[in-house]
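Colleague: mmCIF, C-alpha atoms, saved as my_file09.cif, coming up:
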data_structure
loop_
_atom_site.label_atom_id
_atom_site.label_comp_id
_atom_site.auth_asym_id
_atom_site.auth_seq_id
_atom_site.Cartn_x
_atom_site.Cartn_y
_atom_site.Cartn_z
CA MET P 553 0.00 0.00 0.00
CA HIS P 554 1.71 3.16 -1.12
CA PHE P 555 -0.41 5.95 0.24
CA ALA P 556 1.37 6.17 3.54
CA GLY P 557 4.28 8.24 2.33
CA SER P 558 2.20 10.51 0.10
CA ARG P 559 1.52 14.09 1.05
CA LYS P 560 -1.91 14.22 2.69
CA LEU P 561 -4.81 16.64 2.44
CA SER P 562 -5.61 18.64 5.56
CA MET P 563 -8.24 17.10 7.83
CA LEU P 564 -10.29 20.31 7.77
CA GLN P 565 -10.37 20.30 3.96
CA VAL P 566 -11.37 16.63 3.76
CA LEU P 567 -14.08 17.00 6.39
CA ALA P 568 -15.48 20.29 5.05
CA CYS P 569 -15.66 19.12 1.43
CA GLY P 570 -16.71 15.55 2.26
CA ALA P 571 -19.40 16.71 4.68
CA ALA P 572 -20.79 19.29 2.22
CA ILE P 573 -20.92 16.67 -0.54
CA VAL P 574 -22.84 14.07 1.47
CA THR P 575 -25.13 16.78 2.88
CA LEU P 576 -26.17 17.51 -0.71
CA SER P 577 -26.23 13.97 -2.06
CA MET P 578 -27.98 12.32 0.89
CA GLY P 579 -30.24 15.31 1.51
CA ILE P 580 -31.67 15.77 -1.96
CA ARG P 581 -32.64 12.12 -2.35
CA HIS P 582 -34.32 11.98 1.03
CA GLY P 583 -37.18 14.25 -0.03
CA PHE P 584 -38.09 12.44 -3.26
CA GLY P 585 -41.30 11.12 -1.70
CA LEU P 586 -42.61 14.70 -1.71
CA TRP P 587 -42.87 14.51 -5.50
CA LEU P 588 -45.14 11.47 -5.47
CA GLN P 589 -48.40 13.35 -5.46
CA PRO P 590 -47.53 16.21 -7.88
CA ILE P 591 -45.84 13.96 -10.43
CA THR P 592 -48.47 11.22 -10.46
CA GLN P 593 -51.24 13.81 -10.71
CA ALA P 594 -49.56 15.85 -13.44
CA GLN P 595 -48.54 12.85 -15.55
CA GLY P 596 -51.58 10.70 -14.88
CA TRP P 597 -49.40 7.85 -13.62
CA THR P 598 -50.16 5.42 -10.83
CA ARG P 599 -48.33 5.51 -7.53
CA GLU P 600 -46.88 2.16 -8.49
CA THR P 601 -45.02 3.80 -11.40
CA PHE P 602 -43.43 6.29 -9.04
CA SER P 603 -42.68 3.71 -6.34
CA PHE P 604 -41.19 1.29 -8.87
CA ALA P 605 -38.76 3.96 -10.09
CA LEU P 606 -37.65 4.69 -6.51
CA ALA P 607 -37.25 0.97 -5.78
CA ILE P 608 -35.07 0.68 -8.89
CA GLN P 609 -33.14 3.73 -7.69
CA ASN P 610 -32.27 1.97 -4.43
CA LEU P 611 -31.11 -1.19 -6.19
CA SER P 612 -29.20 0.84 -8.77
CA TRP P 613 -27.48 2.71 -5.92
CA GLY P 614 -26.42 -0.60 -4.40
CA VAL P 615 -25.19 -2.18 -7.65
CA PHE P 616 -23.40 0.89 -9.03
CA GLY P 617 -21.92 1.53 -5.58
CA ILE P 618 -19.59 -1.43 -6.07
CA PHE P 619 -18.31 -0.15 -9.41
CA ALA P 620 -18.14 3.48 -8.28
CA GLY P 621 -16.01 2.26 -5.38
CA MET P 622 -13.70 0.32 -7.71
CA VAL P 623 -13.21 3.35 -9.97
CA ALA P 624 -12.71 5.67 -6.98
CA ASP P 625 -10.03 3.40 -5.51
CA ARG P 626 -8.31 3.12 -8.88
CA PHE P 627 -8.52 6.64 -10.31
CA GLY P 628 -9.41 8.83 -7.33
CA ALA P 629 -12.64 9.71 -5.58
CA SER P 630 -12.74 13.27 -6.94
CA ARG P 631 -13.21 12.05 -10.53
CA VAL P 632 -16.06 9.77 -9.47
CA LEU P 633 -17.64 12.60 -7.48
CA VAL P 634 -17.51 14.98 -10.46
CA GLY P 635 -19.07 12.30 -12.69
CA GLY P 636 -21.63 11.51 -10.01
CA SER P 637 -22.67 15.16 -9.70
CA LEU P 638 -23.19 15.41 -13.48
CA LEU P 639 -25.29 12.23 -13.40
CA TYR P 640 -27.23 13.60 -10.42
CA GLY P 641 -28.03 16.83 -12.30
CA ALA P 642 -29.02 14.88 -15.44
CA GLY P 643 -31.13 12.46 -13.38
CA LEU P 644 -33.04 15.27 -11.67
CA ALA P 645 -33.62 17.02 -15.01
CA GLY P 646 -34.78 13.70 -16.46
CA MET P 647 -37.10 13.15 -13.52
CA ALA P 648 -38.63 16.59 -14.23
CA LEU P 649 -38.94 16.15 -17.98
CA ALA P 650 -39.74 12.43 -18.38
CA THR P 651 -43.01 11.94 -20.21
CA SER P 652 -43.32 8.16 -20.03
CA PRO P 653 -43.03 5.66 -17.18
CA LEU P 654 -40.05 4.00 -18.89
CA MET P 655 -38.16 7.28 -19.18
CA PHE P 656 -39.04 8.12 -15.57
CA THR P 657 -37.69 4.75 -14.40
CA LEU P 658 -34.49 5.19 -16.38
CA THR P 659 -33.84 8.71 -15.07
CA ALA P 660 -35.33 8.83 -11.56
CA GLY P 661 -34.47 5.17 -11.05
CA VAL P 662 -31.32 3.97 -12.80
CA LEU P 663 -29.57 7.31 -13.40
CA LEU P 664 -30.19 8.81 -9.96
CA GLY P 665 -29.21 5.52 -8.31
CA ALA P 666 -25.90 5.56 -10.19
CA ALA P 667 -25.45 9.22 -9.27
CA GLN P 668 -25.95 8.46 -5.59
CA ALA P 669 -23.45 5.62 -5.83
CA GLY P 670 -20.88 8.13 -7.04
CA THR P 671 -21.57 10.87 -4.52
CA THR P 672 -22.33 9.25 -1.16
CA TYR P 673 -20.58 7.53 1.73
CA ALA P 674 -18.53 4.75 0.12
CA VAL P 675 -16.68 7.14 -2.20
CA VAL P 676 -16.16 9.89 0.39
CA TYR P 677 -15.12 7.37 3.05
CA GLY P 678 -12.34 6.17 0.75
CA VAL P 679 -10.80 9.66 0.91
CA ILE P 680 -11.31 9.89 4.66
CA GLY P 681 -9.71 6.47 5.11
CA ARG P 682 -6.65 7.36 3.06
CA GLN P 683 -6.20 10.96 4.16
CA ILE P 684 -7.07 10.94 7.86
CA ASP P 685 -4.94 9.33 10.50
CA PRO P 686 -6.38 6.03 11.82
CA ALA P 687 -6.46 7.57 15.30
CA LYS P 688 -9.19 9.95 14.07
CA ARG P 689 -10.68 7.91 11.23
CA SER P 690 -13.81 6.62 12.96
CA TRP P 691 -14.54 10.08 14.39
CA ALA P 692 -14.09 11.64 10.93
CA MET P 693 -16.44 9.05 9.41
CA GLY P 694 -18.91 9.98 12.15
CA VAL P 695 -18.66 13.65 11.17
CA ALA P 696 -19.32 12.81 7.50
CA ALA P 697 -22.22 10.51 8.42
CA ALA P 698 -23.67 13.21 10.67
CA ALA P 699 -23.44 15.65 7.74
CA GLY P 700 -25.37 13.21 5.55
CA SER P 701 -27.94 12.79 8.29
CA PHE P 702 -28.20 16.56 8.62
CA GLY P 703 -28.74 16.79 4.87
CA GLN P 704 -31.66 14.37 5.12
CA PHE P 705 -33.10 16.32 8.01
CA LEU P 706 -32.66 19.69 6.29
CA MET P 707 -33.71 18.94 2.75
CA VAL P 708 -37.20 17.54 3.40
CA PRO P 709 -38.69 20.89 4.49
CA VAL P 710 -36.51 22.79 2.00
CA GLU P 711 -37.80 20.65 -0.86
CA GLY P 712 -41.34 21.08 0.44
CA PHE P 713 -40.89 24.85 0.19
CA LEU P 714 -39.32 24.56 -3.27
CA ILE P 715 -42.26 22.53 -4.58
CA SER P 716 -44.83 24.95 -3.19
CA GLY P 717 -42.81 28.00 -4.32
CA LEU P 718 -41.60 26.96 -7.77
CA GLY P 719 -43.84 24.07 -8.74
CA TRP P 720 -42.70 20.44 -8.83
CA GLN P 721 -40.96 20.59 -12.21
CA GLN P 722 -39.02 23.80 -11.64
CA ALA P 723 -38.09 22.59 -8.16
CA LEU P 724 -36.46 19.48 -9.66
CA LEU P 725 -34.63 21.54 -12.27
CA ALA P 726 -33.41 23.94 -9.57
CA LEU P 727 -32.13 21.02 -7.50
CA GLY P 728 -30.49 19.65 -10.66
CA LEU P 729 -28.45 22.84 -10.89
CA PHE P 730 -27.83 22.98 -7.16
CA VAL P 731 -26.40 19.46 -7.01
CA LEU P 732 -23.70 20.45 -9.52
CA LEU P 733 -22.02 22.18 -6.55
CA ILE P 734 -20.66 18.71 -5.72
CA ALA P 735 -18.24 19.03 -8.66
CA PRO P 736 -16.25 22.02 -7.30
CA LEU P 737 -16.42 20.56 -3.80
CA ALA P 738 -14.88 17.35 -5.19
CA LEU P 739 -11.82 19.33 -6.20
CA GLY P 740 -11.11 19.67 -2.50
CA LEU P 741 -10.87 15.89 -2.29
CA ARG P 742 -8.24 15.48 -5.05
CA GLU P 743 -5.74 13.16 -3.42
CA PRO P 744 -2.05 13.69 -4.10
CA GLY P 745 -1.56 9.91 -4.56
CA PHE P 746 -3.79 10.00 -7.64
CA ALA P 747 -2.17 13.06 -9.26
CA GLY P 748 -1.57 13.03 -13.01
CA GLY P 749 -4.37 10.62 -13.80
CA GLY P 750 -2.38 7.56 -12.82
CA ALA P 751 -3.39 5.07 -10.20
CA PRO P 752 -1.22 4.63 -7.11
CA GLN P 753 0.67 1.40 -6.81
CA ARG P 754 -1.31 -1.11 -4.74
CA ASP P 755 -0.26 -4.33 -3.12
CA GLN P 756 -3.38 -6.20 -4.25
CA SER P 757 -5.37 -6.28 -7.45
CA ILE P 758 -9.14 -5.82 -7.29
CA LEU P 759 -9.66 -9.56 -7.62
CA GLN P 760 -7.16 -10.36 -4.89
CA ALA P 761 -8.79 -7.84 -2.57
CA LEU P 762 -12.23 -9.27 -3.30
CA ARG P 763 -11.10 -12.84 -2.83
CA GLU P 764 -9.48 -11.95 0.47
CA ALA P 765 -12.52 -10.07 1.77
CA PHE P 766 -15.12 -12.63 0.79
CA LYS P 767 -13.10 -15.47 2.30
CA TYR P 768 -12.71 -13.58 5.56
CA PRO P 769 -15.55 -14.49 7.94
CA SER P 770 -15.61 -11.08 9.62
CA PHE P 771 -16.40 -9.40 6.30
CA GLN P 772 -19.32 -11.76 5.78
CA LEU P 773 -20.55 -11.00 9.30
CA LEU P 774 -20.36 -7.24 8.69
CA MET P 775 -22.35 -7.69 5.47
CA ALA P 776 -24.97 -9.74 7.32
CA GLY P 777 -25.30 -7.05 9.98
CA TYR P 778 -25.61 -4.27 7.41
CA PHE P 779 -28.38 -6.21 5.64
CA VAL P 780 -30.35 -6.00 8.89
CA CYS P 781 -29.64 -2.28 9.16
CA GLY P 782 -31.18 -1.70 5.73
CA PHE P 783 -34.17 -3.92 6.50
CA GLN P 784 -35.05 -2.20 9.79
CA VAL P 785 -34.42 1.40 8.77
CA VAL P 786 -36.34 1.29 5.51
CA PHE P 787 -39.19 -0.80 6.88
CA ILE P 788 -39.72 1.72 9.68
CA GLY P 789 -39.16 4.78 7.48
CA VAL P 790 -41.62 3.62 4.82
CA HIS P 791 -44.24 1.69 6.77
CA MET P 792 -44.40 3.42 10.16
CA PRO P 793 -46.70 6.23 8.94
CA SER P 794 -49.11 3.59 7.64
CA TYR P 795 -48.85 1.66 10.92
CA LEU P 796 -49.67 4.80 12.91
CA LYS P 797 -52.57 5.54 10.61
CA ASP P 798 -53.97 2.04 11.17
CA LYS P 799 -53.76 2.65 14.90
CA GLY P 800 -55.77 5.86 14.61
CA LEU P 801 -53.03 8.43 15.18
CA SER P 802 -53.07 11.72 13.28
CA PRO P 803 -50.81 12.50 10.29
CA GLU P 804 -49.07 15.19 12.34
CA VAL P 805 -47.81 12.54 14.77
CA ALA P 806 -46.15 10.67 11.90
CA SER P 807 -44.62 13.90 10.56
CA TYR P 808 -43.16 14.83 13.94
CA ALA P 809 -41.92 11.27 14.38
CA LEU P 810 -39.98 11.43 11.13
CA ALA P 811 -38.61 14.85 12.10
CA LEU P 812 -37.44 13.45 15.45
CA ILE P 813 -35.79 10.48 13.72
CA GLY P 814 -33.96 12.98 11.48
CA LEU P 815 -32.88 15.17 14.40
CA PHE P 816 -31.60 12.38 16.63
CA ASN P 817 -29.99 10.61 13.67
CA VAL P 818 -27.50 13.50 13.44
CA PHE P 819 -26.48 13.00 17.07
CA GLY P 820 -26.44 9.21 16.77
CA THR P 821 -24.10 9.05 13.76
CA TYR P 822 -21.69 11.53 15.33
CA ILE P 823 -21.68 9.75 18.70
CA ALA P 824 -21.16 6.33 17.08
CA GLY P 825 -18.21 7.63 15.06
CA SER P 826 -16.64 9.24 18.14
CA LEU P 827 -17.14 6.14 20.27
CA GLY P 828 -15.43 4.10 17.55
CA GLN P 829 -12.15 5.75 18.55
CA LYS P 830 -12.48 4.55 22.14
CA LEU P 831 -14.45 1.29 22.11
CA ALA P 832 -14.41 -1.87 20.04
CA LYS P 833 -16.54 -1.13 16.99
CA ARG P 834 -18.00 -4.64 16.96
CA LYS P 835 -19.40 -3.96 20.44
CA ILE P 836 -20.81 -0.61 19.33
CA LEU P 837 -22.52 -2.30 16.39
CA ALA P 838 -23.88 -5.11 18.57
CA ALA P 839 -25.23 -2.53 21.03
CA ILE P 840 -26.91 -0.56 18.22
CA TYR P 841 -28.64 -3.61 16.74
CA LEU P 842 -29.68 -4.93 20.14
CA GLY P 843 -30.86 -1.43 21.12
CA ARG P 844 -33.08 -1.33 18.04
CA SER P 845 -34.65 -4.68 18.94
CA VAL P 846 -35.32 -3.54 22.50
CA ALA P 847 -36.75 -0.22 21.29
CA ILE P 848 -39.10 -1.95 18.84
CA ALA P 849 -40.22 -4.51 21.44
CA VAL P 850 -40.96 -1.81 24.04
CA PHE P 851 -42.76 0.30 21.41
CA LEU P 852 -45.03 -2.61 20.49
CA TRP P 853 -45.60 -3.61 24.09
CA ALA P 854 -46.34 -0.14 25.51
CA PRO P 855 -49.69 1.60 24.96
CA LEU P 856 -49.55 3.54 21.68
CA THR P 857 -49.83 7.29 22.26
CA PRO P 858 -48.27 10.31 20.53
CA LEU P 859 -45.74 10.45 23.39
CA SER P 860 -44.73 6.80 22.96
CA VAL P 861 -44.31 7.42 19.22
CA TYR P 862 -42.08 10.45 19.86
CA ILE P 863 -39.93 8.55 22.37
CA PHE P 864 -39.60 5.61 19.96
CA ALA P 865 -38.74 7.95 17.08
CA SER P 866 -36.06 9.71 19.16
CA VAL P 867 -34.46 6.43 20.27
CA MET P 868 -34.60 4.97 16.76
CA GLY P 869 -33.16 8.23 15.41
CA LEU P 870 -30.14 7.81 17.69
CA LEU P 871 -29.68 4.28 16.31
CA TRP P 872 -30.71 5.08 12.70
CA LEU P 873 -27.55 5.53 10.55
CA SER P 874 -25.21 5.15 13.50
CA THR P 875 -24.11 1.81 12.05
CA VAL P 876 -22.48 3.58 9.09
CA PRO P 877 -19.25 4.92 10.72
CA PRO P 878 -18.36 1.81 12.78
CA THR P 879 -19.10 -0.57 9.90
CA ASN P 880 -16.95 1.32 7.39
CA ALA P 881 -14.22 2.05 9.94
CA THR P 882 -14.04 -1.67 10.73
CA VAL P 883 -13.66 -2.52 7.03
CA ALA P 884 -10.83 0.04 6.80
CA GLN P 885 -9.20 -1.31 9.94
CA ILE P 886 -9.27 -4.94 8.76
CA PHE P 887 -8.42 -4.58 5.08
CA GLY P 888 -6.63 -1.23 4.88
CA VAL P 889 -7.65 1.67 2.67
CA ALA P 890 -6.45 0.76 -0.83
CA HIS P 891 -9.78 -0.85 -1.77
CA LEU P 892 -11.93 0.76 0.90
CA SER P 893 -14.53 2.34 -1.41
CA MET P 894 -15.06 -0.90 -3.31
CA LEU P 895 -15.34 -3.03 -0.16
CA GLY P 896 -17.59 -0.37 1.39
CA GLY P 897 -19.66 -0.60 -1.81
CA PHE P 898 -20.09 -4.35 -1.37
CA VAL P 899 -21.15 -3.96 2.26
CA PHE P 900 -23.57 -1.24 1.21
CA PHE P 901 -24.98 -3.50 -1.52
CA SER P 902 -25.97 -5.91 1.25
CA HIS P 903 -27.61 -2.96 3.04
CA GLN P 904 -29.64 -2.14 -0.06
CA ILE P 905 -30.83 -5.72 -0.46
CA GLY P 906 -32.00 -5.51 3.16
CA SER P 907 -33.72 -2.19 2.38
CA PHE P 908 -35.53 -3.73 -0.55
CA MET P 909 -36.63 -6.68 1.57
CA GLY P 910 -37.83 -4.35 4.36
CA VAL P 911 -40.09 -2.37 2.04
CA TRP P 912 -41.27 -5.35 0.04
CA LEU P 913 -41.88 -7.76 2.92
CA GLY P 914 -43.58 -4.98 4.90
CA GLY P 915 -46.11 -4.50 2.12
CA LEU P 916 -46.45 -8.20 1.27
CA LEU P 917 -47.06 -9.44 4.80
CA TYR P 918 -49.41 -6.54 5.50
CA ASP P 919 -51.47 -7.50 2.47
CA ARG P 920 -51.49 -11.18 3.48
CA THR P 921 -52.19 -10.77 7.21
CA GLY P 922 -53.80 -7.34 7.50
CA SER P 923 -51.22 -6.12 10.02
CA TYR P 924 -47.55 -5.30 10.41
CA ASP P 925 -47.12 -7.52 13.47
CA ILE P 926 -45.11 -10.26 11.75
CA VAL P 927 -42.73 -7.76 10.13
CA TRP P 928 -42.16 -6.02 13.47
CA TYR P 929 -41.29 -9.40 15.01
CA ILE P 930 -38.96 -10.17 12.11
CA ALA P 931 -37.29 -6.77 12.67
CA ILE P 932 -36.79 -7.61 16.37
CA ALA P 933 -35.37 -11.06 15.60
CA LEU P 934 -33.07 -9.68 12.91
CA GLY P 935 -31.75 -7.06 15.35
CA VAL P 936 -30.80 -9.78 17.83
CA PHE P 937 -29.24 -11.77 14.99
CA ALA P 938 -27.20 -8.75 13.83
CA ALA P 939 -26.01 -8.08 17.39
CA LEU P 940 -24.85 -11.68 17.70
CA VAL P 941 -23.06 -11.80 14.35
CA ASN P 942 -21.20 -8.55 15.00
CA LEU P 943 -19.77 -9.66 18.33
CA PRO P 944 -17.26 -12.17 16.90
CA VAL P 945 -15.97 -9.76 14.21
CA ARG P 946 -12.17 -9.49 14.37
CA GLU P 947 -11.21 -5.84 13.98
CA ALA P 948 -7.45 -6.37 13.87
CA PRO P 949 -5.72 -5.82 10.50
CA ILE P 950 -5.80 -8.96 8.42
CA ALA P 951 -2.58 -10.98 8.39
CA ARG P 952 -1.54 -11.01 4.73
CA GLY P 953 0.48 -13.91 3.45
CA ALA P 954 -1.08 -16.17 6.03
CA ALA P 955 -4.29 -18.16 5.90
CA PRO P 956 -7.38 -16.11 6.81
CA GLN P 957 -8.15 -16.20 10.48
CA PRO P 958 -11.41 -17.52 11.79
CA ALA P 959 -13.97 -14.93 12.83
CA MET Y 933 -9.82 31.53 22.84
CA THR Y 934 -9.00 28.08 24.18
CA LEU Y 935 -9.63 24.86 22.28
CA ARG Y 936 -12.27 23.89 24.80
CA THR Y 937 -14.13 27.18 24.28
CA ARG Y 938 -13.98 26.76 20.52
CA LYS Y 939 -15.34 23.25 20.81
CA LEU Y 940 -18.18 24.41 23.03
CA LEU Y 941 -19.02 27.19 20.59
CA ALA Y 942 -19.00 24.73 17.68
CA TYR Y 943 -21.33 22.35 19.54
CA ALA Y 944 -23.62 25.25 20.51
CA ALA Y 945 -23.75 26.46 16.89
CA ALA Y 946 -24.52 22.94 15.63
CA ILE Y 947 -27.36 22.53 18.12
CA ALA Y 948 -28.76 25.96 17.22
CA VAL Y 949 -28.79 25.00 13.52
CA LEU Y 950 -30.46 21.67 14.27
CA LEU Y 951 -33.15 23.32 16.37
CA ALA Y 952 -33.71 25.91 13.62
CA VAL Y 953 -34.25 23.10 11.10
CA PHE Y 954 -36.55 21.29 13.52
CA ALA Y 955 -38.57 24.52 13.76
CA LEU Y 956 -39.16 24.26 10.00
CA TYR Y 957 -40.99 20.99 10.61
CA THR Y 958 -43.32 22.66 13.09
CA ARG Y 959 -44.53 25.25 10.57
CA PRO Y 960 -48.12 24.42 9.64
CA ALA Y 961 -47.51 24.66 5.88
CA ILE Y 962 -44.72 22.10 5.81
CA LEU Y 963 -46.40 19.89 8.37
CA VAL Y 964 -49.55 19.70 6.28
CA THR Y 965 -47.48 19.01 3.13
CA LEU Y 966 -45.54 16.23 4.80
CA ALA Y 967 -48.59 14.70 6.41
CA ASP Y 968 -50.56 14.79 3.14
CA GLN Y 969 -47.65 13.30 1.29
CA MET Y 970 -47.19 10.44 3.72
CA TRP Y 971 -50.87 9.65 3.90
CA ALA Y 972 -51.16 9.81 0.11
CA CYS Y 973 -48.77 6.86 -0.10
CA PHE Y 974 -51.18 4.64 1.76
CA ASN Y 975 -54.63 5.77 0.64
#
Here is a file; write its structure as structure tokens.

Modeller:
Amino acid sequence: MHFAGSRKLSMLQVLACGAAIVTLSMGIRHGFGLWLQPITQAQGWTRETFSFALAIQNLSWGVFGIFAGMVADRFGASRVLVGGSLLYGAGLAGMALATSPLMFTLTAGVLLGAAQAGTTYAVVYGVIGRQIDPAKRSWAMGVAAAAGSFGQFLMVPVEGFLISGLGWQQALLALGLFVLLIAPLALGLREPGFAGGGAPQRDQSILQALREAFKYPSFQLLMAGYFVCGFQVVFIGVHMPSYLKDKGLSPEVASYALALIGLFNVFGTYIAGSLGQKLAKRKILAAIYLGRSVAIAVFLWAPLTPLSVYIFASVMGLLWLSTVPPTNATVAQIFGVAHLSMLGGFVFFSHQIGSFMGVWLGGLLYDRTGSYDIVWYIAIALGVFAALVNLPVREAPIARGAAPQPA
Amino acid sequence: MTLRTRKLLAYAAAIAVLLAVFALYTRPAILVTLADQMWACFN
């Protein structure tokens, strides 16, 4: 690995540019649901058309994340970020101007998913991993994750105002221009080791790195845990409003609940990243997953009132994306940083499969049984499972040249 | 200004920004928009 001797970017520069980029990329996508009603009404499409495009977007994000990570590790994150911002702008313009369901799926689904793959955590974390000292790496990943969480929290009301002020189409075109800001911010993440367009010399090829990771039990355990993260977060984010509605609570309660999740998510991601410098990350992850299971169980067991919803939302907010910094910091710690974006992309792919399952199973089992009870129980069981599989993860750097160690 | 003071100021500023954003969610216009939007998904 030949980054160690290279001149490094300043921590302030990496954090400022990285945080601003994920604030934009994570934030803009988080409010897409606000366009459901105006787009389906204006185009005469069903909600299924819109939902299908967003489901494709999530899968596209997961699949392209692997390749975006490979390219970022090989040619530098800044190039991927510039390309990702152009795709993001084109995808938002396409979402505004698409006149057929197919075109909408290709732009709002495939294109925006690819754009997110090139502008979100895995790519930015590669720079953080390479440029920031390991003694501060987990904390720095926590700062970047908190910025992404803040973006999600901020952009929902901002996009609501944009739609009511400009109209849905102009709002998308305005965001399409706004997201191009990622390109100049990416210039702040140009790593000296990638100067001149050449790739830095690496000790392992992509295939060797992949073979090593997939044979290493701890990597498989991290992927299994992240699958659960995606399942729980997206099931709750998508289906909780419907659950509250079924239980007779007002729409305002659901809105405040999502706002509280967003607020506490900022604190949770930052705290998890900071704790990763002091405690074993596998224990932090186990505590997060177990905490989610306990929170869900208490929420289901306690009488449902607006107060119980707000307490649940606050606790879940603290545990929401707090898995992101310790998971990625553990990958960096075990395998080093040469292929960090690609390996982070693979772990994130597992997260996205879990997300897909959370949304899909939530709807399917609700339709079959008339309630969300079974899915809630699955979410509790999966949380316990994820806590258990994270505990045996070995965080120590992998011993190269020797046989992989057991988890 | 000591490092500790700067850190405290940074934390205070971050919390002020977060509370300001949270206040956006309490505005009736955005609350109604969000609530309508969420309920529309399930009607």

Colleague: Where does chain P meet chain Y within 8 Å, residue by residue, with the nearest atom pair and distance in Å to one decimal for each, counting only C-alpha atoms, listed by chain and rising number, as JSON lines?

Modeller:
{"residue": "P:Gly585", "atom": "CA", "partner": "Y:Gln969", "partner_atom": "CA", "distance": 7.3}
{"residue": "P:Leu586", "atom": "CA", "partner": "Y:Gln969", "partner_atom": "CA", "distance": 6.0}
{"residue": "P:Leu588", "atom": "CA", "partner": "Y:Gln969", "partner_atom": "CA", "distance": 7.4}
{"residue": "P:Gln589", "atom": "CA", "partner": "Y:Gln969", "partner_atom": "CA", "distance": 6.8}
{"residue": "P:Arg599", "atom": "CA", "partner": "Y:Cys973", "partner_atom": "CA", "distance": 7.6}
{"residue": "P:Phe702", "atom": "CA", "partner": "Y:Leu950", "partner_atom": "CA", "distance": 7.9}
{"residue": "P:Phe705", "atom": "CA", "partner": "Y:Val953", "partner_atom": "CA", "distance": 7.5}
{"residue": "P:Leu706", "atom": "CA", "partner": "Y:Val953", "partner_atom": "CA", "distance": 6.1}
{"residue": "P:Pro709", "atom": "CA", "partner": "Y:Ile962", "partner_atom": "CA", "distance": 6.3}
{"residue": "P:Gly712", "atom": "CA", "partner": "Y:Ile962", "partner_atom": "CA", "distance": 6.4}
{"residue": "P:Phe713", "atom": "CA", "partner": "Y:Ile962", "partner_atom": "CA", "distance": 7.3}
{"residue": "P:Pro793", "atom": "CA", "partner": "Y:Met970", "partner_atom": "CA", "distance": 6.7}
{"residue": "P:Ser794", "atom": "CA", "partner": "Y:Phe974", "partner_atom": "CA", "distance": 6.3}
{"residue": "P:Pro803", "atom": "CA", "partner": "Y:Ala967", "partner_atom": "CA", "distance": 5.0}
{"residue": "P:Glu804", "atom": "CA", "partner": "Y:Ala967", "partner_atom": "CA", "distance": 6.0}
{"residue": "P:Ala806", "atom": "CA", "partner": "Y:Ala967", "partner_atom": "CA", "distance": 7.2}
{"residue": "P:Ser807", "atom": "CA", "partner": "Y:Ala967", "partner_atom": "CA", "distance": 5.8}
{"residue": "P:Tyr808", "atom": "CA", "partner": "Y:Tyr957", "partner_atom": "CA", "distance": 7.3}
{"residue": "P:Ala811", "atom": "CA", "partner": "Y:Tyr957", "partner_atom": "CA", "distance": 6.8}
{"residue": "P:Leu815", "atom": "CA", "partner": "Y:Leu950", "partner_atom": "CA", "distance": 6.9}

Colleague: What is the distance between CA of Ala738 (chain P) and CA of Val566 (chain P), in Å to one decimal?

Modeller: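 Computing it gives 9.6 Å between the two atoms.
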
Colleague: Which residue gives the smallest distance to Trp720 (chain P) among P:Gln704, P:Ser630, P:Ser802, P:Thr592, with only C-alpha atoms counted?

Modeller: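 Of the candidates, the smallest distance to Trp720 (chain P) is held by P:Thr592.
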
Colleague: Quick one: everything within 12 Å of Ala832 (chain P), counting all atoms listed in the file, minus sequence neighbours fewer than 6 positions away in the same chain. Send it as number ranges by chain.

Modeller: P: 690, 824-826, 838-839, 878-879, 881-882, 885, 942-948

Colleague: Given only C-alpha atoms as the basis, pick out the residue of P:Val679, P:Leu774, P:Leu639, P:Leu892 nearest to Ala660 (chain P).

Modeller: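 The answer is P:Leu639, which sits nearest to Ala660 (chain P).
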
Colleague: Please provide as a list in words all residues within 6 Å of region 669-671 of chain P, with the sequence filter that same-chain residues fewer than 2 positions apart are discarded (counting all atoms listed in the file).

Modeller: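 Selected residues are Trp613, Phe616, Gly617, Ala620, Val632, Leu633, Gly636, Ala666 and Ala667 of chain P.
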
Colleague: Provide the CA of Gly935 (chain P) to CA of Gly820 (chain P) distance in Å, to one decimal place.

Modeller: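 It comes out at 17.2 Å.
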
Colleague: What is the distance between CA of Val899 (chain P) and CA of Met775 (chain P), in Å to one decimal?

Modeller: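 Value for the CA of Val899 (chain P)-CA of Met775 (chain P) distance: 5.1 Å.
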
Colleague: Given the PyMOL selection byres ((chain P and resi 903) around 7) and the file above, list the residues it selects as a ChimeraX atom specification.

Modeller: /P:778-779,781-782,899-902,904-907

Colleague: For the provided coordinates, the residues matched by the PyMOL selection byres ((chain P and resi 871-875) around 7) should be stated as an NGL selection string.

Modeller: :P and (785 or 817 or 820-821 or 824 or 837 or 840 or 844 or 867-870 or 876-879)

Colleague: Can you tell me, as a tab-separated table (two decimals) with C-alpha atoms, in the coordinates of the input, what residues are no more than 9 Å from region 571-574 of chain P when counting all atoms listed in the file, ignoring any on the same chain fewer than 6 positions away?

Modeller:
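Produced file around.tsv, reproduced below:
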chain	number	residue	atom	x	y	z
P	633	LEU	CA	-17.64	12.60	-7.48
P	671	THR	CA	-21.57	10.87	-4.52
P	672	THR	CA	-22.33	9.25	-1.16
P	673	TYR	CA	-20.58	7.53	1.73
P	676	VAL	CA	-16.16	9.89	0.39
P	695	VAL	CA	-18.66	13.65	11.17
P	696	ALA	CA	-19.32	12.81	7.50
P	697	ALA	CA	-22.22	10.51	8.42
P	698	ALA	CA	-23.67	13.21	10.67
P	699	ALA	CA	-23.44	15.65	7.74
P	700	GLY	CA	-25.37	13.21	5.55
P	701	SER	CA	-27.94	12.79	8.29
P	703	GLY	CA	-28.74	16.79	4.87
P	731	VAL	CA	-26.40	19.46	-7.01
P	733	LEU	CA	-22.02	22.18	-6.55
P	734	ILE	CA	-20.66	18.71	-5.72
P	735	ALA	CA	-18.24	19.03	-8.66
P	737	LEU	CA	-16.42	20.56	-3.80
P	738	ALA	CA	-14.88	17.35	-5.19
